[in-house]
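For reference, the structure discussed in these notes is given below.
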Amino acid sequence: MRALITTLGPVADKGLGTILPHEHIFVDLGPIEDANYLTAQPEPVIELMVPEITKIQALGVGALVESTPLGVGRRADIVDAVSRAAQFPIVVPTGIYREPWVPQWVHAASKAEICDWMVSELTGQIEESDVQAGWIKVSAGDDGLTPTEAKILRAAALAARETGAIVGSHTVRGSVVLDQLEILGQEGLALDRFIWIHTQAEPDLDLHLEVGQRGAWIEYDGIGSEDDGFYIKRIRRVLDAGLGHRLLISHDRGWYDPSRAGGGRIRPFTYISKVFLPKLRALGIGEGVIQQVTSLNPFYAFAR
């Protein structure tokens, strides 16, 4: 049975409602050497983030995908504490961010060793958190993959093949994504188990369609941070090309940042439900398409 692997256990219900496939509860964007995330405590994160989750629960959002991997302050135990306080399922990743945020042990490790570490989190738990990872988050440099980033991607492909988990990559340039698809093919991973995160950052819309036509997921995940027309143009292009079944949308919002006073400025997860979807409806995009993009697509992408 296909199920989302969440902080509250496996969820096999395809009728969860909206699933936000790229958000953050907790991420440390401060200087690497400060490592503020290591001393963070769950209570202030719960205080700020549970009310934000309560807001989206009331709007019919049934789950959220946390997108903070190793390298930028991942704390699965804190995300778990927020999830349990809100009684709201969150999908947490294994995986590693791009250079220069790659931990030293990863530079020294082999592809097989990195794969084994990912599999251990996908089938067991993340560190001592009792949280099972639900997916794999990686990244790539804007100008191309470094050898270490390519090694991480290859390891992720092997771990995804072994566990059924999906791989999502923070990749800004479409040309770099094409290189990633080549590597995934070499490692034998079906491209429907890959998400191009931040697709909207690539100005060449033909590349969006090419990646979708090859079977990968394209994700427009900055909604609420740019003019809505920017996203509507891209969504219409994808739908007109018959690729609505490969499309994901999200905010890339939140989040508690321990490097900032009081956790920083929290950006709500409500924009898509309250503002953006009504605009799509007003343009004649039907409920069937909206349900596919906001509910069914993210479930089938992340379920394993």
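Residues in the structure tokens are named by chain (A, B, ... in the order shown) and by number from 1 within that chain; ligands are numbered from 1 in the order shown.
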
So which residues touch segment 69-81 of chain A within 9 Å, counting only C-alpha atoms, skipping near sequence neighbours fewer than 3 positions away, as a ChimeraX atom specification? /A:7-8,25-30,32,35-38,40-43,45-46,66,84-86,89-90,92-103,126-131,133,136-138,257-258

For Tyr300 of chain A, list every protein, DNA or RNA residue within 9 Å, evaluated using only C-alpha atoms, and leave out those in the same chain fewer than 5 positions away; present the list as a PDB file with N, CA, C and O atoms, in the first residue's frame.
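The new file out-v1.pdb reads:
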```
ATOM      1  N   ARG A   2       0.562   2.206  -0.866  1.00  0.00           N
ATOM      2  CA  ARG A   2       1.324   3.452  -0.911  1.00  0.00           C
ATOM      3  C   ARG A   2       0.952   4.314   0.290  1.00  0.00           C
ATOM      4  O   ARG A   2      -0.229   4.442   0.635  1.00  0.00           O
ATOM      5  N   ALA A   3       1.968   4.908   0.921  1.00  0.00           N
ATOM      6  CA  ALA A   3       1.704   5.759   2.079  1.00  0.00           C
ATOM      7  C   ALA A   3       2.777   6.831   2.190  1.00  0.00           C
ATOM      8  O   ALA A   3       3.941   6.616   1.823  1.00  0.00           O
ATOM      9  N   LEU A   4       2.367   7.985   2.685  1.00  0.00           N
ATOM     10  CA  LEU A   4       3.328   9.005   3.089  1.00  0.00           C
ATOM     11  C   LEU A   4       3.972   8.550   4.398  1.00  0.00           C
ATOM     12  O   LEU A   4       3.276   8.119   5.324  1.00  0.00           O
ATOM     13  N   LYS A  14      -5.445   8.981   0.511  1.00  0.00           N
ATOM     14  CA  LYS A  14      -5.269   9.894  -0.620  1.00  0.00           C
ATOM     15  C   LYS A  14      -6.198  11.102  -0.510  1.00  0.00           C
ATOM     16  O   LYS A  14      -6.090  12.034  -1.285  1.00  0.00           O
ATOM     17  N   SER A 295      -3.431  18.006  -4.298  1.00  0.00           N
ATOM     18  CA  SER A 295      -3.676  16.876  -3.409  1.00  0.00           C
ATOM     19  C   SER A 295      -3.125  15.565  -3.967  1.00  0.00           C
ATOM     20  O   SER A 295      -2.274  14.931  -3.342  1.00  0.00           O
TER      21      SER A 295
END
```

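Atom CA of Gly134 of chain A lies 29.8 Å from atom CA of Leu205 of chain A.
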
Selected residue of minimal separation from Ser83 of chain A among A:Ile223, A:Val61, A:Ile53, A:Leu158, counting only C-alpha atoms: A:Ile53

Fewer than 5 positions away in the same chain doesn't count, so skip those; otherwise give me all residues within 10 Å of segment 229-244 of chain A, counting only C-alpha atoms, as a list in words.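 Final neighbour list, sorted by chain and number: Thr199, Gln200, Leu205, Asp206, His208, Leu209, Gly212, Gln213, Gly215, Trp217, Ile218, Tyr220, Asp221, Gly222, Ile223, Gly224, Ile249, Phe276, Lys279, Leu280, Leu283, Ile285, Val289, Ile290, Gln292, Val293 and Asn297 of chain A.
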
File dump, residues just selected, N, CA and C atoms, as a CSV table (one decimal), in the first residue's frame:
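And here's out21.csv as it stands now:
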```csv
chain,number,residue,atom,x,y,z
A,199,THR,N,11.7,25.0,-9.9
A,199,THR,CA,11.6,25.1,-11.4
A,199,THR,C,11.4,26.5,-11.9
A,200,GLN,N,10.6,27.3,-11.1
A,200,GLN,CA,10.3,28.6,-11.5
A,200,GLN,C,11.5,29.5,-11.7
A,205,LEU,N,11.0,28.4,-20.3
A,205,LEU,CA,9.8,27.5,-20.0
A,205,LEU,C,9.9,26.2,-20.8
A,206,ASP,N,10.5,26.2,-22.0
A,206,ASP,CA,10.6,25.0,-22.7
A,206,ASP,C,11.4,23.9,-21.9
A,208,HIS,N,11.2,23.6,-18.7
A,208,HIS,CA,10.2,23.1,-17.7
A,208,HIS,C,9.5,21.9,-18.4
A,209,LEU,N,9.0,22.2,-19.6
A,209,LEU,CA,8.2,21.2,-20.3
A,209,LEU,C,9.0,19.9,-20.6
A,212,GLY,N,9.3,17.8,-17.6
A,212,GLY,CA,8.1,17.1,-17.3
A,212,GLY,C,7.7,16.0,-18.3
A,213,GLN,N,8.0,16.3,-19.5
A,213,GLN,CA,7.8,15.3,-20.6
A,213,GLN,C,8.6,14.0,-20.4
A,215,GLY,N,9.2,12.8,-17.6
A,215,GLY,CA,8.6,12.0,-16.5
A,215,GLY,C,8.9,12.6,-15.1
A,217,TRP,N,9.0,15.4,-12.0
A,217,TRP,CA,8.1,16.4,-11.4
A,217,TRP,C,8.7,17.7,-11.5
A,218,ILE,N,7.9,18.7,-11.9
A,218,ILE,CA,8.3,20.1,-11.9
A,218,ILE,C,7.6,20.8,-10.8
A,220,TYR,N,6.8,24.4,-8.8
A,220,TYR,CA,6.8,25.9,-8.6
A,220,TYR,C,6.5,26.2,-7.1
A,221,ASP,N,7.5,26.6,-6.4
A,221,ASP,CA,7.4,26.6,-5.0
A,221,ASP,C,7.8,27.9,-4.3
A,222,GLY,N,7.6,29.0,-5.0
A,222,GLY,CA,7.8,30.3,-4.4
A,222,GLY,C,6.5,31.1,-4.4
A,223,ILE,N,5.4,30.5,-4.4
A,223,ILE,CA,4.1,31.2,-4.6
A,223,ILE,C,3.8,32.0,-3.4
A,224,GLY,N,3.5,33.3,-3.6
A,224,GLY,CA,3.3,34.2,-2.5
A,224,GLY,C,4.4,35.2,-2.4
A,249,ILE,N,2.9,22.5,-6.6
A,249,ILE,CA,3.0,23.9,-6.2
A,249,ILE,C,3.1,24.0,-4.7
A,276,PHE,N,-4.2,32.3,-3.9
A,276,PHE,CA,-3.8,31.8,-5.2
A,276,PHE,C,-4.8,30.9,-5.8
A,279,LYS,N,-7.7,32.6,-7.4
A,279,LYS,CA,-7.4,33.2,-8.7
A,279,LYS,C,-7.4,32.2,-9.8
A,280,LEU,N,-6.9,31.0,-9.5
A,280,LEU,CA,-6.9,30.0,-10.5
A,280,LEU,C,-8.4,29.6,-10.9
A,283,LEU,N,-10.0,32.0,-13.1
A,283,LEU,CA,-9.5,32.0,-14.5
A,283,LEU,C,-10.1,30.8,-15.3
A,285,ILE,N,-9.9,27.5,-14.2
A,285,ILE,CA,-9.2,26.2,-14.0
A,285,ILE,C,-10.1,25.4,-13.0
A,289,VAL,N,-8.7,19.8,-11.8
A,289,VAL,CA,-7.3,20.1,-12.0
A,289,VAL,C,-6.7,20.6,-10.7
A,290,ILE,N,-7.4,21.4,-10.0
A,290,ILE,CA,-6.9,21.9,-8.7
A,290,ILE,C,-6.6,20.8,-7.7
A,292,GLN,N,-6.0,17.7,-8.4
A,292,GLN,CA,-4.9,16.9,-8.9
A,292,GLN,C,-3.6,17.6,-8.5
A,293,VAL,N,-3.5,18.9,-8.7
A,293,VAL,CA,-2.2,19.5,-8.5
A,293,VAL,C,-1.9,19.7,-7.0
A,297,ASN,N,-1.3,14.9,-6.8
A,297,ASN,CA,0.1,14.9,-7.3
A,297,ASN,C,1.1,14.8,-6.1
```

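You will find atom CA of Ala150 of chain A at 29.0 Å from atom CA of Gly254 of chain A.
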
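Across the model, the gap from atom CA of Phe88 of chain A to atom CA of Arg161 of chain A is 28.1 Å.
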
Report as a PyMOL selection string all protein, DNA and RNA residues lying within 6 Å of Ile197 of chain A, evaluated on only C-alpha atoms, omitting residues in the same chain fewer than 6 positions from it. chain A and resi 169-170+219

Just-selected residues, all heavy atoms written as a PDB file, in the first residue's frame:
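Writing done, so here's result35.pdb:
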```
ATOM      1  N   SER A 169      15.542  17.824  -5.728  1.00  0.00           N
ATOM      2  CA  SER A 169      16.780  18.607  -5.747  1.00  0.00           C
ATOM      3  C   SER A 169      16.518  20.091  -5.911  1.00  0.00           C
ATOM      4  O   SER A 169      15.828  20.515  -6.844  1.00  0.00           O
ATOM      5  CB  SER A 169      17.702  18.149  -6.887  1.00  0.00           C
ATOM      6  OG  SER A 169      18.899  18.928  -6.904  1.00  0.00           O
ATOM      7  N   HIS A 170      17.091  20.873  -4.991  1.00  0.00           N
ATOM      8  CA  HIS A 170      17.164  22.326  -5.122  1.00  0.00           C
ATOM      9  C   HIS A 170      18.131  22.609  -6.269  1.00  0.00           C
ATOM     10  O   HIS A 170      19.345  22.486  -6.116  1.00  0.00           O
ATOM     11  CB  HIS A 170      17.675  22.914  -3.802  1.00  0.00           C
ATOM     12  CG  HIS A 170      18.101  24.347  -3.875  1.00  0.00           C
ATOM     13  ND1 HIS A 170      17.556  25.320  -3.071  1.00  0.00           N
ATOM     14  CD2 HIS A 170      19.045  24.992  -4.615  1.00  0.00           C
ATOM     15  CE1 HIS A 170      18.132  26.486  -3.324  1.00  0.00           C
ATOM     16  NE2 HIS A 170      19.040  26.304  -4.260  1.00  0.00           N
ATOM     17  N   GLU A 219       8.296  21.617  -9.998  1.00  0.00           N
ATOM     18  CA  GLU A 219       7.717  22.207  -8.788  1.00  0.00           C
ATOM     19  C   GLU A 219       7.894  23.723  -8.792  1.00  0.00           C
ATOM     20  O   GLU A 219       9.020  24.223  -8.815  1.00  0.00           O
ATOM     21  CB  GLU A 219       8.394  21.606  -7.559  1.00  0.00           C
ATOM     22  CG  GLU A 219       7.847  22.115  -6.237  1.00  0.00           C
ATOM     23  CD  GLU A 219       8.525  21.455  -5.063  1.00  0.00           C
ATOM     24  OE1 GLU A 219       8.140  20.325  -4.715  1.00  0.00           O
ATOM     25  OE2 GLU A 219       9.464  22.060  -4.497  1.00  0.00           O
TER      26      GLU A 219
END
```

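Between Ser250 of chain A and the residues A:Pro10, A:Gly174, A:Pro21, A:Gly284, the shortest atom-to-atom distance, using only C-alpha atoms, involves A:Pro21.
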
How would you write, as a ChimeraX atom specification, the set of residues in segment 9-234 of chain A that DSSP gives as strand (DSSP E or B)? /A:9-11,18-23,26,61-66,70,90-91,93-96,135-139,167-170,194-197,217-220

Considering only C-alpha atoms, can you say which of A:Val106, A:Ala160, A:Ile272, A:Leu64 comes closest to Ser225 of chain A?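 Of all the options, A:Ile272 lies closest to Ser225 of chain A.
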
Close residues, Arg265 of chain A itself excluded, 9 Å, only C-alpha atoms, min 2 positions apart in chain, as a tab-separated table (two decimals) with all heavy atoms, in the first residue's frame:
```
chain	number	residue	atom	x	y	z
A	254	GLY	N	7.57	29.55	5.88
A	254	GLY	CA	7.74	29.21	7.28
A	254	GLY	C	8.58	30.35	7.85
A	254	GLY	O	8.31	31.49	7.51
A	255	TRP	N	9.61	30.18	8.47
A	255	TRP	CA	10.13	29.05	9.20
A	255	TRP	C	10.83	29.62	10.41
A	255	TRP	O	11.22	30.80	10.45
A	255	TRP	CB	11.11	28.23	8.34
A	255	TRP	CG	12.19	29.07	7.72
A	255	TRP	CD1	13.28	29.64	8.30
A	255	TRP	CD2	12.25	29.45	6.34
A	255	TRP	NE1	14.00	30.34	7.38
A	255	TRP	CE2	13.40	30.25	6.18
A	255	TRP	CE3	11.43	29.18	5.22
A	255	TRP	CZ2	13.74	30.78	4.93
A	255	TRP	CZ3	11.79	29.72	4.01
A	255	TRP	CH2	12.94	30.50	3.86
A	256	TYR	N	11.00	28.85	11.42
A	256	TYR	CA	11.76	29.28	12.60
A	256	TYR	C	13.24	29.16	12.28
A	256	TYR	O	13.73	28.10	11.91
A	256	TYR	CB	11.40	28.42	13.80
A	256	TYR	CG	12.00	28.91	15.10
A	256	TYR	CD1	11.23	29.64	16.00
A	256	TYR	CD2	13.33	28.67	15.42
A	256	TYR	CE1	11.77	30.10	17.19
A	256	TYR	CE2	13.89	29.13	16.60
A	256	TYR	CZ	13.10	29.85	17.49
A	256	TYR	OH	13.64	30.31	18.67
A	257	ASP	N	13.98	30.27	12.42
A	257	ASP	CA	15.42	30.29	12.15
A	257	ASP	C	16.14	30.63	13.46
A	257	ASP	O	16.05	31.77	13.94
A	257	ASP	CB	15.74	31.34	11.08
A	257	ASP	CG	17.21	31.34	10.68
A	257	ASP	OD1	18.05	30.80	11.43
A	257	ASP	OD2	17.53	31.89	9.61
A	260	ARG	N	18.27	33.88	14.15
A	260	ARG	CA	17.65	35.20	14.21
A	260	ARG	C	16.88	35.37	15.52
A	260	ARG	O	16.33	34.40	16.05
A	260	ARG	CB	16.71	35.40	13.02
A	260	ARG	CG	17.46	35.32	11.70
A	260	ARG	CD	16.58	35.63	10.52
A	260	ARG	NE	17.33	35.56	9.27
A	260	ARG	CZ	16.84	35.87	8.09
A	260	ARG	NH1	15.58	36.27	7.99
A	260	ARG	NH2	17.58	35.77	7.01
A	262	GLY	N	14.30	35.64	18.19
A	262	GLY	CA	12.92	35.18	18.25
A	262	GLY	C	12.51	34.25	17.14
A	262	GLY	O	11.31	34.03	16.93
A	263	GLY	N	13.48	33.71	16.42
A	263	GLY	CA	13.17	32.80	15.31
A	263	GLY	C	12.97	33.50	13.98
A	263	GLY	O	12.72	32.85	12.97
A	267	ARG	N	6.64	33.46	7.88
A	267	ARG	CA	5.78	33.71	6.73
A	267	ARG	C	4.73	32.61	6.65
A	267	ARG	O	5.06	31.43	6.51
A	267	ARG	CB	6.61	33.75	5.45
A	267	ARG	CG	7.62	34.90	5.45
A	267	ARG	CD	8.35	34.99	4.13
A	267	ARG	NE	9.09	33.76	3.85
A	267	ARG	CZ	9.54	33.42	2.65
A	267	ARG	NH1	9.31	34.20	1.60
A	267	ARG	NH2	10.21	32.30	2.47
```

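In this comparison, which uses only C-alpha atoms, the residue of A:Ala155, A:Met118, A:Leu16, A:Leu184 approaching Gly60 of chain A most closely is A:Leu16.
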